[in-house]
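Asker: Structure supplied as work19.pdb; contents: PDB, C-alpha atoms and all ligand atoms.
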```
ATOM      1  CA  MET A 950     -27.667   9.674  70.650  1.00  0.00           C
ATOM      2  CA  TYR A 951     -29.461  10.499  73.891  1.00  0.00           C
ATOM      3  CA  ILE A 952     -32.990   9.167  74.398  1.00  0.00           C
ATOM      4  CA  PHE A 953     -35.349  11.002  76.753  1.00  0.00           C
ATOM      5  CA  LYS A 954     -38.590   9.284  77.726  1.00  0.00           C
ATOM      6  CA  SER A 955     -41.534  11.501  78.608  1.00  0.00           C
ATOM      7  CA  TYR A 956     -44.830  10.425  80.137  1.00  0.00           C
ATOM      8  CA  SER A 957     -46.404  13.885  80.565  1.00  0.00           C
ATOM      9  CA  PRO A 958     -46.075  17.486  79.406  1.00  0.00           C
ATOM     10  CA  GLU A 959     -44.347  18.131  82.765  1.00  0.00           C
ATOM     11  CA  ASN A 960     -41.634  15.560  81.937  1.00  0.00           C
ATOM     12  CA  THR A 961     -41.123  17.283  78.603  1.00  0.00           C
ATOM     13  CA  ALA A 962     -40.903  20.623  80.404  1.00  0.00           C
ATOM     14  CA  ASN A 963     -38.080  19.240  82.565  1.00  0.00           C
ATOM     15  CA  LEU A 964     -36.137  18.363  79.438  1.00  0.00           C
ATOM     16  CA  GLY A 965     -36.853  21.802  77.960  1.00  0.00           C
ATOM     17  CA  LYS A 966     -35.735  23.657  81.081  1.00  0.00           C
ATOM     18  CA  ALA A 967     -32.508  21.623  81.170  1.00  0.00           C
ATOM     19  CA  ILE A 968     -31.880  22.504  77.523  1.00  0.00           C
ATOM     20  CA  GLY A 969     -32.698  26.179  78.124  1.00  0.00           C
ATOM     21  CA  LYS A 970     -30.240  26.418  81.031  1.00  0.00           C
ATOM     22  CA  SER A 971     -27.497  24.770  78.963  1.00  0.00           C
ATOM     23  CA  LEU A 972     -27.600  27.208  76.043  1.00  0.00           C
ATOM     24  CA  ARG A 973     -24.778  29.747  75.546  1.00  0.00           C
ATOM     25  CA  GLY A 974     -25.810  31.357  72.263  1.00  0.00           C
ATOM     26  CA  SER A 975     -25.669  30.543  68.544  1.00  0.00           C
ATOM     27  CA  GLU A 976     -27.137  27.058  68.979  1.00  0.00           C
ATOM     28  CA  ILE A 977     -29.399  25.596  66.278  1.00  0.00           C
ATOM     29  CA  LEU A 978     -32.059  23.211  67.599  1.00  0.00           C
ATOM     30  CA  CYS A 979     -33.865  21.235  64.905  1.00  0.00           C
ATOM     31  CA  PHE A 980     -37.164  19.587  65.797  1.00  0.00           C
ATOM     32  CA  SER A 981     -38.923  16.949  63.755  1.00  0.00           C
ATOM     33  CA  GLY A 982     -42.003  14.915  64.612  1.00  0.00           C
ATOM     34  CA  ASP A 983     -45.698  14.771  63.815  1.00  0.00           C
ATOM     35  CA  LEU A 984     -48.336  17.341  64.661  1.00  0.00           C
ATOM     36  CA  GLY A 985     -48.991  17.150  68.402  1.00  0.00           C
ATOM     37  CA  ALA A 986     -45.691  15.417  69.173  1.00  0.00           C
ATOM     38  CA  GLY A 987     -44.705  18.260  71.508  1.00  0.00           C
ATOM     39  CA  LYS A 988     -42.362  20.528  69.512  1.00  0.00           C
ATOM     40  CA  THR A 989     -44.025  23.763  70.627  1.00  0.00           C
ATOM     41  CA  THR A 990     -44.470  22.482  74.190  1.00  0.00           C
ATOM     42  CA  LEU A 991     -40.736  21.729  74.320  1.00  0.00           C
ATOM     43  CA  THR A 992     -39.915  25.175  72.900  1.00  0.00           C
ATOM     44  CA  GLN A 993     -42.004  26.872  75.624  1.00  0.00           C
ATOM     45  CA  SER A 994     -39.997  25.203  78.389  1.00  0.00           C
ATOM     46  CA  ILE A 995     -36.685  25.909  76.644  1.00  0.00           C
ATOM     47  CA  ALA A 996     -37.667  29.603  76.628  1.00  0.00           C
ATOM     48  CA  GLU A 997     -38.515  29.310  80.336  1.00  0.00           C
ATOM     49  CA  GLY A 998     -35.117  27.711  81.016  1.00  0.00           C
ATOM     50  CA  MET A 999     -33.474  30.597  79.143  1.00  0.00           C
ATOM     51  CA  GLY A1000     -35.209  33.037  81.472  1.00  0.00           C
ATOM     52  CA  ILE A1001     -37.554  34.409  78.798  1.00  0.00           C
ATOM     53  CA  LYS A1002     -40.724  35.687  80.432  1.00  0.00           C
ATOM     54  CA  ASP A1003     -42.882  36.052  77.287  1.00  0.00           C
ATOM     55  CA  TYR A1004     -45.400  33.325  76.515  1.00  0.00           C
ATOM     56  CA  VAL A1005     -44.190  31.398  73.486  1.00  0.00           C
ATOM     57  CA  THR A1006     -46.818  30.566  70.862  1.00  0.00           C
ATOM     58  CA  SER A1007     -46.567  28.642  67.633  1.00  0.00           C
ATOM     59  CA  PRO A1008     -45.240  30.735  64.723  1.00  0.00           C
ATOM     60  CA  THR A1009     -47.122  28.533  62.252  1.00  0.00           C
ATOM     61  CA  PHE A1010     -48.510  31.420  60.193  1.00  0.00           C
ATOM     62  CA  THR A1011     -45.679  33.906  60.715  1.00  0.00           C
ATOM     63  CA  ILE A1012     -42.861  31.337  60.167  1.00  0.00           C
ATOM     64  CA  ILE A1013     -40.778  33.064  62.856  1.00  0.00           C
ATOM     65  CA  ASN A1014     -41.302  34.628  66.282  1.00  0.00           C
ATOM     66  CA  GLU A1015     -38.526  36.505  68.097  1.00  0.00           C
ATOM     67  CA  TYR A1016     -38.080  36.707  71.869  1.00  0.00           C
ATOM     68  CA  ASP A1017     -35.650  38.980  73.696  1.00  0.00           C
ATOM     69  CA  GLY A1018     -33.641  37.726  76.629  1.00  0.00           C
ATOM     70  CA  ASP A1019     -30.048  37.504  77.842  1.00  0.00           C
ATOM     71  CA  ILE A1020     -29.819  35.321  74.755  1.00  0.00           C
ATOM     72  CA  ALA A1021     -32.389  35.990  72.004  1.00  0.00           C
ATOM     73  CA  LEU A1022     -34.639  33.153  70.879  1.00  0.00           C
ATOM     74  CA  TYR A1023     -35.701  32.785  67.241  1.00  0.00           C
ATOM     75  CA  HIS A1024     -38.523  30.278  66.955  1.00  0.00           C
ATOM     76  CA  PHE A1025     -39.281  28.998  63.454  1.00  0.00           C
ATOM     77  CA  ASP A1026     -42.081  26.744  62.258  1.00  0.00           C
ATOM     78  CA  VAL A1027     -41.502  25.977  58.591  1.00  0.00           C
ATOM     79  CA  TYR A1028     -44.524  23.703  58.114  1.00  0.00           C
ATOM     80  CA  ARG A1029     -46.419  26.264  56.035  1.00  0.00           C
ATOM     81  CA  LEU A1030     -43.435  27.620  54.170  1.00  0.00           C
ATOM     82  CA  GLY A1031     -44.443  27.850  50.513  1.00  0.00           C
ATOM     83  CA  ASP A1032     -41.117  28.118  48.789  1.00  0.00           C
ATOM     84  CA  PRO A1033     -37.626  27.759  50.346  1.00  0.00           C
ATOM     85  CA  ASP A1034     -36.823  31.228  48.924  1.00  0.00           C
ATOM     86  CA  GLU A1035     -39.306  32.630  51.440  1.00  0.00           C
ATOM     87  CA  LEU A1036     -36.833  31.566  54.148  1.00  0.00           C
ATOM     88  CA  PHE A1037     -34.155  33.864  52.805  1.00  0.00           C
ATOM     89  CA  ASP A1038     -36.672  36.711  52.388  1.00  0.00           C
ATOM     90  CA  ILE A1039     -37.321  36.601  56.143  1.00  0.00           C
ATOM     91  CA  GLY A1040     -33.586  36.723  56.899  1.00  0.00           C
ATOM     92  CA  TYR A1041     -32.974  33.061  57.732  1.00  0.00           C
ATOM     93  CA  ASP A1042     -29.212  33.313  57.095  1.00  0.00           C
ATOM     94  CA  GLU A1043     -28.821  36.219  59.504  1.00  0.00           C
ATOM     95  CA  TYR A1044     -30.729  34.395  62.217  1.00  0.00           C
ATOM     96  CA  ILE A1045     -28.641  31.247  61.743  1.00  0.00           C
ATOM     97  CA  ASP A1046     -25.376  33.234  61.974  1.00  0.00           C
ATOM     98  CA  SER A1047     -26.521  35.336  64.948  1.00  0.00           C
ATOM     99  CA  ASP A1048     -25.634  35.084  68.653  1.00  0.00           C
ATOM    100  CA  GLY A1049     -29.200  34.036  69.400  1.00  0.00           C
ATOM    101  CA  VAL A1050     -30.627  30.541  69.607  1.00  0.00           C
ATOM    102  CA  CYS A1051     -32.652  29.195  66.667  1.00  0.00           C
ATOM    103  CA  ILE A1052     -35.330  26.556  67.185  1.00  0.00           C
ATOM    104  CA  ILE A1053     -36.788  25.175  63.965  1.00  0.00           C
ATOM    105  CA  GLU A1054     -39.984  23.110  64.061  1.00  0.00           C
ATOM    106  CA  TRP A1055     -40.367  20.764  61.079  1.00  0.00           C
ATOM    107  CA  SER A1056     -36.653  21.211  60.280  1.00  0.00           C
ATOM    108  CA  ASN A1057     -36.764  18.001  58.220  1.00  0.00           C
ATOM    109  CA  LEU A1058     -38.643  20.005  55.565  1.00  0.00           C
ATOM    110  CA  ILE A1059     -35.625  22.283  55.021  1.00  0.00           C
ATOM    111  CA  GLU A1060     -32.900  19.684  55.594  1.00  0.00           C
ATOM    112  CA  SER A1061     -30.607  21.043  52.861  1.00  0.00           C
ATOM    113  CA  GLU A1062     -30.663  24.536  54.421  1.00  0.00           C
ATOM    114  CA  LEU A1063     -29.593  23.421  57.914  1.00  0.00           C
ATOM    115  CA  PRO A1064     -26.078  24.125  59.199  1.00  0.00           C
ATOM    116  CA  LYS A1065     -23.828  21.082  59.609  1.00  0.00           C
ATOM    117  CA  ASP A1066     -23.297  21.510  63.345  1.00  0.00           C
ATOM    118  CA  ARG A1067     -26.698  21.380  65.051  1.00  0.00           C
ATOM    119  CA  LEU A1068     -28.793  19.572  67.655  1.00  0.00           C
ATOM    120  CA  GLU A1069     -31.408  17.296  66.146  1.00  0.00           C
ATOM    121  CA  ILE A1070     -34.382  16.385  68.338  1.00  0.00           C
ATOM    122  CA  GLN A1071     -36.775  13.862  66.907  1.00  0.00           C
ATOM    123  CA  LEU A1072     -40.021  13.729  68.903  1.00  0.00           C
ATOM    124  CA  LYS A1073     -41.975  10.512  68.660  1.00  0.00           C
ATOM    125  CA  ARG A1074     -45.499   9.745  69.854  1.00  0.00           C
ATOM    126  CA  LEU A1075     -45.684   6.289  71.360  1.00  0.00           C
ATOM    127  CA  ASP A1076     -48.679   4.214  72.461  1.00  0.00           C
ATOM    128  CA  GLY A1077     -50.413   5.943  75.332  1.00  0.00           C
ATOM    129  CA  GLU A1078     -51.864   9.432  75.047  1.00  0.00           C
ATOM    130  CA  ASN A1079     -49.035  11.233  76.857  1.00  0.00           C
ATOM    131  CA  HIS A1080     -46.097   9.005  76.039  1.00  0.00           C
ATOM    132  CA  ARG A1081     -43.288  10.544  73.960  1.00  0.00           C
ATOM    133  CA  GLU A1082     -39.678   9.776  73.161  1.00  0.00           C
ATOM    134  CA  MET A1083     -37.130  12.416  72.225  1.00  0.00           C
ATOM    135  CA  HIS A1084     -34.124  11.201  70.278  1.00  0.00           C
ATOM    136  CA  ILE A1085     -31.387  13.800  70.613  1.00  0.00           C
ATOM    137  CA  LEU A1086     -28.362  13.878  68.358  1.00  0.00           C
ATOM    138  CA  ALA A1087     -25.534  16.416  68.059  1.00  0.00           C
ATOM    139  CA  THR A1088     -24.017  16.588  64.577  1.00  0.00           C
ATOM    140  CA  GLY A1089     -20.914  18.653  65.407  1.00  0.00           C
ATOM    141  CA  ASP A1090     -18.566  19.655  68.240  1.00  0.00           C
ATOM    142  CA  TYR A1091     -20.401  22.786  69.379  1.00  0.00           C
ATOM    143  CA  HIS A1092     -23.626  20.874  69.918  1.00  0.00           C
ATOM    144  CA  LYS A1093     -21.880  17.774  71.346  1.00  0.00           C
ATOM    145  CA  GLU A1094     -20.702  20.026  74.173  1.00  0.00           C
ATOM    146  CA  LEU A1095     -24.253  21.336  74.509  1.00  0.00           C
ATOM    147  CA  LEU A1096     -25.619  17.789  74.759  1.00  0.00           C
ATOM    148  CA  GLU A1097     -23.083  16.991  77.507  1.00  0.00           C
ATOM    149  CA  ARG A1098     -24.271  20.034  79.486  1.00  0.00           C
ATOM    150  CA  ILE A1099     -27.911  19.018  78.978  1.00  0.00           C
ATOM    151  CA  GLU A1100     -27.211  15.508  80.297  1.00  0.00           C
ATOM    152  CA  LYS A1101     -25.453  16.964  83.368  1.00  0.00           C
ATOM    153  CA  GLU A1102     -28.379  19.337  83.955  1.00  0.00           C
ATOM    154  CA  LEU A1103     -30.893  16.467  83.691  1.00  0.00           C
ATOM    155  CA  ALA A1104     -28.892  14.382  86.172  1.00  0.00           C
ATOM    156  CA  LYS A1105     -29.586  17.101  88.778  1.00  0.00           C
ATOM    157  CA  CYS A1106     -33.387  16.695  88.435  1.00  0.00           C
TER     158      CYS A1106
HETATM  159  P1  LIG A1201     -46.340  20.176  68.036  1.00  0.00           P
HETATM  160  O1  LIG A1201     -45.724  21.546  68.180  1.00  0.00           O
HETATM  161  O2  LIG A1201     -45.316  19.086  67.891  1.00  0.00           O
HETATM  162  O3  LIG A1201     -47.379  20.101  66.971  1.00  0.00           O
HETATM  163  P2  LIG A1201     -47.593  20.811  70.566  1.00  0.00           P
HETATM  164  O4  LIG A1201     -46.495  21.024  71.539  1.00  0.00           O
HETATM  165  O5  LIG A1201     -48.273  21.984  69.996  1.00  0.00           O
HETATM  166  O6  LIG A1201     -47.063  19.832  69.397  1.00  0.00           O
HETATM  167  O7  LIG A1201     -48.731  19.899  71.196  1.00  0.00           O
HETATM  168  C1  LIG A1201     -48.447  18.781  71.972  1.00  0.00           C
HETATM  169  C2  LIG A1201     -49.716  18.410  72.718  1.00  0.00           C
HETATM  170  O8  LIG A1201     -49.562  17.136  73.339  1.00  0.00           O
HETATM  171  C3  LIG A1201     -50.028  19.415  73.818  1.00  0.00           C
HETATM  172  O9  LIG A1201     -51.421  19.576  73.892  1.00  0.00           O
HETATM  173  C4  LIG A1201     -49.495  18.712  75.070  1.00  0.00           C
HETATM  174  O10 LIG A1201     -50.178  19.087  76.242  1.00  0.00           O
HETATM  175  C5  LIG A1201     -49.789  17.255  74.730  1.00  0.00           C
HETATM  176  N1  LIG A1201     -48.897  16.293  75.409  1.00  0.00           N
HETATM  177  C6  LIG A1201     -49.320  15.171  76.032  1.00  0.00           C
HETATM  178  N2  LIG A1201     -48.299  14.491  76.537  1.00  0.00           N
HETATM  179  C7  LIG A1201     -47.188  15.178  76.234  1.00  0.00           C
HETATM  180  C8  LIG A1201     -45.797  14.955  76.494  1.00  0.00           C
HETATM  181  N3  LIG A1201     -45.359  13.877  77.153  1.00  0.00           N
HETATM  182  N4  LIG A1201     -44.915  15.869  76.038  1.00  0.00           N
HETATM  183  C9  LIG A1201     -45.350  16.944  75.342  1.00  0.00           C
HETATM  184  N5  LIG A1201     -46.638  17.217  75.071  1.00  0.00           N
HETATM  185  C10 LIG A1201     -47.562  16.347  75.512  1.00  0.00           C
HETATM  186 MG    MG A1202     -45.805  23.254  66.922  1.00  0.00          MG
END
```
Is it possible to give me this structure as structure tokens?

Answerer:
Amino acid sequence: MYIFKSYSPENTANLGKAIGKSLRGSEILCFSGDLGAGKTTLTQSIAEGMGIKDYVTSPTFTIINEYDGDIALYHFDVYRLGDPDELFDIGYDEYIDSDGVCIIEWSNLIESELPKDRLEIQLKRLDGENHREMHILATGDYHKELLERIEKELAKC
């Protein structure tokens, strides 16, 4: 488990850029944490780190937004998902098995549908308006290697 402490949106952006630069394709990043914890903010800086120029917005009502880049980004927000079957209607399986990167906000709501090997990021709001903690856990070898690259990237900051 790696714990990242953030005291501002800029700190969170540094984490996101380090993650974005460390991605190689086919990663699954699972975000949990309350409304306003910073899941979308973190996704925006991951996209920036991946070299994606588009502005990333919350896919709350569309469930998924796609962004093209050297590596494609598939950004899910499953908060308003009615029925888990809806996931499969939008092609969830194909996205998960693709060469692109999947980021899933509110992944805890679809826990049983998540692949075994993934990166879990739990975002916590602490006392103090801008204070956050990100608890990062890799659940398999592919994402353990990713987490090692992220830590190396952060050490350069
Ligand atoms: P979520 O997607 O988890 O609902 P958002 O990223 O949409 O959250 O919103 C997070 C809000 O909190 C933004 O307005 C952001 O500017 C603010 N914020 C304050 N401090 C931080 C921080 N340390 N990290 C991330 N966001 C922060
Ligand atoms: Mg969000």

Asker: At a cut-off of 10 Å around the point (-32.6, 20.4, 76.7) (file coordinates), what residues fall inside when counting all atoms listed in the file? I'd like the answer as a ChimeraX atom specification.

Answerer: /A:953,961-972,978,991-992,994-995,998,1068,1070,1085,1095-1096,1098-1100,1102-1103

Asker: Which neighbours of region 1014-1031 of chain A fall inside 8 Å, counting all atoms listed in the file, when residues of the same chain fewer than 3 positions from it are skipped, and could you give them as a PyMOL selection string?

Answerer: chain A and resi 973-974+992+996+999-1001+1003+1007-1011+1035-1036+1044+1048-1056+1058-1059

Asker: Using all atoms listed in the file, tabulate the residues of chain A lying at most 10 Å from any atom of ligand LIG 1201 (chain A), each with its closest atom pair and that distance in Å to one decimal, by chain and increasing residue number, as JSON lines.

Answerer:
```
{"residue": "A:Lys954", "atom": "CA", "partner": "A:LIG1201", "partner_atom": "N3", "distance": 8.2}
{"residue": "A:Ser955", "atom": "CA", "partner": "A:LIG1201", "partner_atom": "N3", "distance": 4.7}
{"residue": "A:Tyr956", "atom": "CA", "partner": "A:LIG1201", "partner_atom": "N3", "distance": 4.6}
{"residue": "A:Ser957", "atom": "CA", "partner": "A:LIG1201", "partner_atom": "N3", "distance": 3.6}
{"residue": "A:Pro958", "atom": "CA", "partner": "A:LIG1201", "partner_atom": "C8", "distance": 3.9}
{"residue": "A:Glu959", "atom": "CA", "partner": "A:LIG1201", "partner_atom": "N3", "distance": 7.1}
{"residue": "A:Asn960", "atom": "CA", "partner": "A:LIG1201", "partner_atom": "N3", "distance": 6.3}
{"residue": "A:Thr961", "atom": "CA", "partner": "A:LIG1201", "partner_atom": "N4", "distance": 4.8}
{"residue": "A:Ala962", "atom": "CA", "partner": "A:LIG1201", "partner_atom": "N4", "distance": 7.6}
{"residue": "A:Leu964", "atom": "CA", "partner": "A:LIG1201", "partner_atom": "N4", "distance": 9.7}
{"residue": "A:Phe980", "atom": "CA", "partner": "A:LIG1201", "partner_atom": "O2", "distance": 8.4}
{"residue": "A:Ser981", "atom": "CA", "partner": "A:LIG1201", "partner_atom": "O2", "distance": 7.9}
{"residue": "A:Gly982", "atom": "CA", "partner": "A:LIG1201", "partner_atom": "O2", "distance": 6.3}
{"residue": "A:Asp983", "atom": "CA", "partner": "A:LIG1201", "partner_atom": "O2", "distance": 5.9}
{"residue": "A:Leu984", "atom": "CA", "partner": "A:LIG1201", "partner_atom": "O3", "distance": 3.7}
{"residue": "A:Gly985", "atom": "CA", "partner": "A:LIG1201", "partner_atom": "O6", "distance": 3.4}
{"residue": "A:Ala986", "atom": "CA", "partner": "A:LIG1201", "partner_atom": "O2", "distance": 3.9}
{"residue": "A:Gly987", "atom": "CA", "partner": "A:LIG1201", "partner_atom": "O4", "distance": 3.3}
{"residue": "A:Lys988", "atom": "CA", "partner": "A:LIG1201", "partner_atom": "O2", "distance": 3.7}
{"residue": "A:Thr989", "atom": "CA", "partner": "A:LIG1201", "partner_atom": "O1", "distance": 3.7}
{"residue": "A:Thr990", "atom": "CA", "partner": "A:LIG1201", "partner_atom": "O4", "distance": 3.6}
{"residue": "A:Leu991", "atom": "CA", "partner": "A:LIG1201", "partner_atom": "O4", "distance": 6.4}
{"residue": "A:Thr992", "atom": "CA", "partner": "A:LIG1201", "partner_atom": "O4", "distance": 7.9}
{"residue": "A:Gln993", "atom": "CA", "partner": "A:LIG1201", "partner_atom": "O4", "distance": 8.4}
{"residue": "A:Thr1006", "atom": "CA", "partner": "A:LIG1201", "partner_atom": "O5", "distance": 8.7}
{"residue": "A:Ser1007", "atom": "CA", "partner": "A:LIG1201", "partner_atom": "O1", "distance": 7.2}
{"residue": "A:Pro1008", "atom": "CA", "partner": "A:LIG1201", "partner_atom": "O1", "distance": 9.8}
{"residue": "A:Thr1009", "atom": "CA", "partner": "A:LIG1201", "partner_atom": "O1", "distance": 9.3}
{"residue": "A:Asp1026", "atom": "CA", "partner": "A:LIG1201", "partner_atom": "O1", "distance": 8.7}
{"residue": "A:Tyr1028", "atom": "CA", "partner": "A:LIG1201", "partner_atom": "O3", "distance": 10.0}
{"residue": "A:Glu1054", "atom": "CA", "partner": "A:LIG1201", "partner_atom": "O1", "distance": 7.2}
{"residue": "A:Trp1055", "atom": "CA", "partner": "A:LIG1201", "partner_atom": "O2", "distance": 8.6}
{"residue": "A:Leu1072", "atom": "CA", "partner": "A:LIG1201", "partner_atom": "O2", "distance": 7.6}
{"residue": "A:Lys1073", "atom": "CA", "partner": "A:LIG1201", "partner_atom": "O2", "distance": 9.2}
{"residue": "A:Arg1074", "atom": "CA", "partner": "A:LIG1201", "partner_atom": "N3", "distance": 8.4}
{"residue": "A:Leu1075", "atom": "CA", "partner": "A:LIG1201", "partner_atom": "N3", "distance": 9.6}
{"residue": "A:Gly1077", "atom": "CA", "partner": "A:LIG1201", "partner_atom": "N2", "distance": 8.9}
{"residue": "A:Glu1078", "atom": "CA", "partner": "A:LIG1201", "partner_atom": "C6", "distance": 6.4}
{"residue": "A:Asn1079", "atom": "CA", "partner": "A:LIG1201", "partner_atom": "N2", "distance": 3.4}
{"residue": "A:His1080", "atom": "CA", "partner": "A:LIG1201", "partner_atom": "N3", "distance": 5.1}
{"residue": "A:Arg1081", "atom": "CA", "partner": "A:LIG1201", "partner_atom": "N3", "distance": 5.1}
{"residue": "A:Glu1082", "atom": "CA", "partner": "A:LIG1201", "partner_atom": "N3", "distance": 8.1}
{"residue": "A:Met1083", "atom": "CA", "partner": "A:LIG1201", "partner_atom": "N4", "distance": 9.3}
```

Asker: Which of these residues is nearest to Thr1088 (chain A), using all atoms listed in the file: A:Ala1104, A:Ile1012, A:Ile952, A:Ile977?

Answerer: A:Ile977

Asker: Tell me, in Å to one decimal, how far CA of Ser975 (chain A) is from CA of Glu1062 (chain A).

Answerer: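 About the pair CA of Ser975 (chain A) and CA of Glu1062 (chain A): they are 16.1 Å apart.
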
Asker: How far is it from CA of Asp1042 (chain A) to CA of Leu1086 (chain A), in Å with one decimal?

Answerer: 22.5 Å

Asker: Return the single residue from A:Tyr951, A:Glu1094, A:Asp1032, A:Val1005 that is closest to ligand MG 1202 (chain A), with distances computed using only C-alpha atoms and all ligand atoms.

Answerer: A:Val1005

Asker: Return as JSON the box centre and box size in Å, one decimal, for an axis-aligned box around all listed atoms of region 1081-1090 of chain A padded by 6 Å per side.

Answerer:
```
{"center_x": -30.9, "center_y": 14.7, "center_z": 69.3, "size_x": 36.7, "size_y": 21.9, "size_z": 21.4}
```

Asker: Please reconstruct the missing atoms of region 1034-1058 of chain A (target: N, CA and C atoms) and return them as a PDB file, keeping the file's coordinate frame.

Answerer:
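And here's result_38.pdb as it stands now:
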```pdb
ATOM      1  N   ASP A1034     -37.311  29.852  49.096  1.00  0.00           N
ATOM      2  CA  ASP A1034     -36.823  31.228  48.924  1.00  0.00           C
ATOM      3  C   ASP A1034     -37.412  32.165  49.971  1.00  0.00           C
ATOM      4  N   GLU A1035     -38.637  31.838  50.408  1.00  0.00           N
ATOM      5  CA  GLU A1035     -39.306  32.630  51.440  1.00  0.00           C
ATOM      6  C   GLU A1035     -38.447  32.718  52.702  1.00  0.00           C
ATOM      7  N   LEU A1036     -37.709  31.631  52.972  1.00  0.00           N
ATOM      8  CA  LEU A1036     -36.833  31.566  54.148  1.00  0.00           C
ATOM      9  C   LEU A1036     -35.816  32.694  54.109  1.00  0.00           C
ATOM     10  N   PHE A1037     -35.223  32.873  52.939  1.00  0.00           N
ATOM     11  CA  PHE A1037     -34.155  33.864  52.805  1.00  0.00           C
ATOM     12  C   PHE A1037     -34.735  35.269  52.823  1.00  0.00           C
ATOM     13  N   ASP A1038     -35.988  35.418  52.319  1.00  0.00           N
ATOM     14  CA  ASP A1038     -36.672  36.711  52.388  1.00  0.00           C
ATOM     15  C   ASP A1038     -36.880  37.156  53.839  1.00  0.00           C
ATOM     16  N   ILE A1039     -37.092  36.210  54.740  1.00  0.00           N
ATOM     17  CA  ILE A1039     -37.321  36.601  56.143  1.00  0.00           C
ATOM     18  C   ILE A1039     -36.013  36.698  56.926  1.00  0.00           C
ATOM     19  N   GLY A1040     -34.884  36.507  56.249  1.00  0.00           N
ATOM     20  CA  GLY A1040     -33.586  36.723  56.899  1.00  0.00           C
ATOM     21  C   GLY A1040     -33.026  35.492  57.604  1.00  0.00           C
ATOM     22  N   TYR A1041     -33.408  34.330  57.126  1.00  0.00           N
ATOM     23  CA  TYR A1041     -32.974  33.061  57.732  1.00  0.00           C
ATOM     24  C   TYR A1041     -31.463  33.011  57.980  1.00  0.00           C
ATOM     25  N   ASP A1042     -30.679  33.381  56.972  1.00  0.00           N
ATOM     26  CA  ASP A1042     -29.212  33.313  57.095  1.00  0.00           C
ATOM     27  C   ASP A1042     -28.696  34.135  58.271  1.00  0.00           C
ATOM     28  N   GLU A1043     -29.273  35.343  58.409  1.00  0.00           N
ATOM     29  CA  GLU A1043     -28.821  36.219  59.504  1.00  0.00           C
ATOM     30  C   GLU A1043     -29.172  35.617  60.863  1.00  0.00           C
ATOM     31  N   TYR A1044     -30.344  35.033  60.949  1.00  0.00           N
ATOM     32  CA  TYR A1044     -30.729  34.395  62.217  1.00  0.00           C
ATOM     33  C   TYR A1044     -29.787  33.232  62.541  1.00  0.00           C
ATOM     34  N   ILE A1045     -29.495  32.425  61.533  1.00  0.00           N
ATOM     35  CA  ILE A1045     -28.641  31.247  61.743  1.00  0.00           C
ATOM     36  C   ILE A1045     -27.233  31.664  62.189  1.00  0.00           C
ATOM     37  N   ASP A1046     -26.736  32.784  61.647  1.00  0.00           N
ATOM     38  CA  ASP A1046     -25.376  33.234  61.974  1.00  0.00           C
ATOM     39  C   ASP A1046     -25.326  34.128  63.209  1.00  0.00           C
ATOM     40  N   SER A1047     -26.475  34.373  63.838  1.00  0.00           N
ATOM     41  CA  SER A1047     -26.521  35.336  64.948  1.00  0.00           C
ATOM     42  C   SER A1047     -26.054  34.711  66.265  1.00  0.00           C
ATOM     43  N   ASP A1048     -25.999  35.559  67.306  1.00  0.00           N
ATOM     44  CA  ASP A1048     -25.634  35.084  68.653  1.00  0.00           C
ATOM     45  C   ASP A1048     -26.827  34.453  69.363  1.00  0.00           C
ATOM     46  N   GLY A1049     -28.004  34.583  68.771  1.00  0.00           N
ATOM     47  CA  GLY A1049     -29.200  34.036  69.400  1.00  0.00           C
ATOM     48  C   GLY A1049     -29.321  32.537  69.170  1.00  0.00           C
ATOM     49  N   VAL A1050     -30.356  31.971  69.771  1.00  0.00           N
ATOM     50  CA  VAL A1050     -30.627  30.541  69.607  1.00  0.00           C
ATOM     51  C   VAL A1050     -31.764  30.381  68.591  1.00  0.00           C
ATOM     52  N   CYS A1051     -31.590  29.495  67.626  1.00  0.00           N
ATOM     53  CA  CYS A1051     -32.652  29.195  66.667  1.00  0.00           C
ATOM     54  C   CYS A1051     -33.271  27.842  66.990  1.00  0.00           C
ATOM     55  N   ILE A1052     -34.599  27.821  67.088  1.00  0.00           N
ATOM     56  CA  ILE A1052     -35.330  26.556  67.185  1.00  0.00           C
ATOM     57  C   ILE A1052     -36.167  26.455  65.916  1.00  0.00           C
ATOM     58  N   ILE A1053     -36.068  25.340  65.234  1.00  0.00           N
ATOM     59  CA  ILE A1053     -36.788  25.175  63.965  1.00  0.00           C
ATOM     60  C   ILE A1053     -37.707  23.962  64.054  1.00  0.00           C
ATOM     61  N   GLU A1054     -39.032  24.217  64.116  1.00  0.00           N
ATOM     62  CA  GLU A1054     -39.984  23.110  64.061  1.00  0.00           C
ATOM     63  C   GLU A1054     -40.151  22.656  62.619  1.00  0.00           C
ATOM     64  N   TRP A1055     -40.254  21.366  62.414  1.00  0.00           N
ATOM     65  CA  TRP A1055     -40.367  20.764  61.079  1.00  0.00           C
ATOM     66  C   TRP A1055     -39.086  20.978  60.264  1.00  0.00           C
ATOM     67  N   SER A1056     -37.941  20.953  60.949  1.00  0.00           N
ATOM     68  CA  SER A1056     -36.653  21.211  60.280  1.00  0.00           C
ATOM     69  C   SER A1056     -36.378  20.202  59.165  1.00  0.00           C
ATOM     70  N   ASN A1057     -36.974  19.026  59.262  1.00  0.00           N
ATOM     71  CA  ASN A1057     -36.764  18.001  58.220  1.00  0.00           C
ATOM     72  C   ASN A1057     -37.228  18.495  56.846  1.00  0.00           C
ATOM     73  N   LEU A1058     -38.145  19.487  56.840  1.00  0.00           N
ATOM     74  CA  LEU A1058     -38.643  20.005  55.565  1.00  0.00           C
ATOM     75  C   LEU A1058     -37.642  20.933  54.874  1.00  0.00           C
TER      76      LEU A1058
END
```
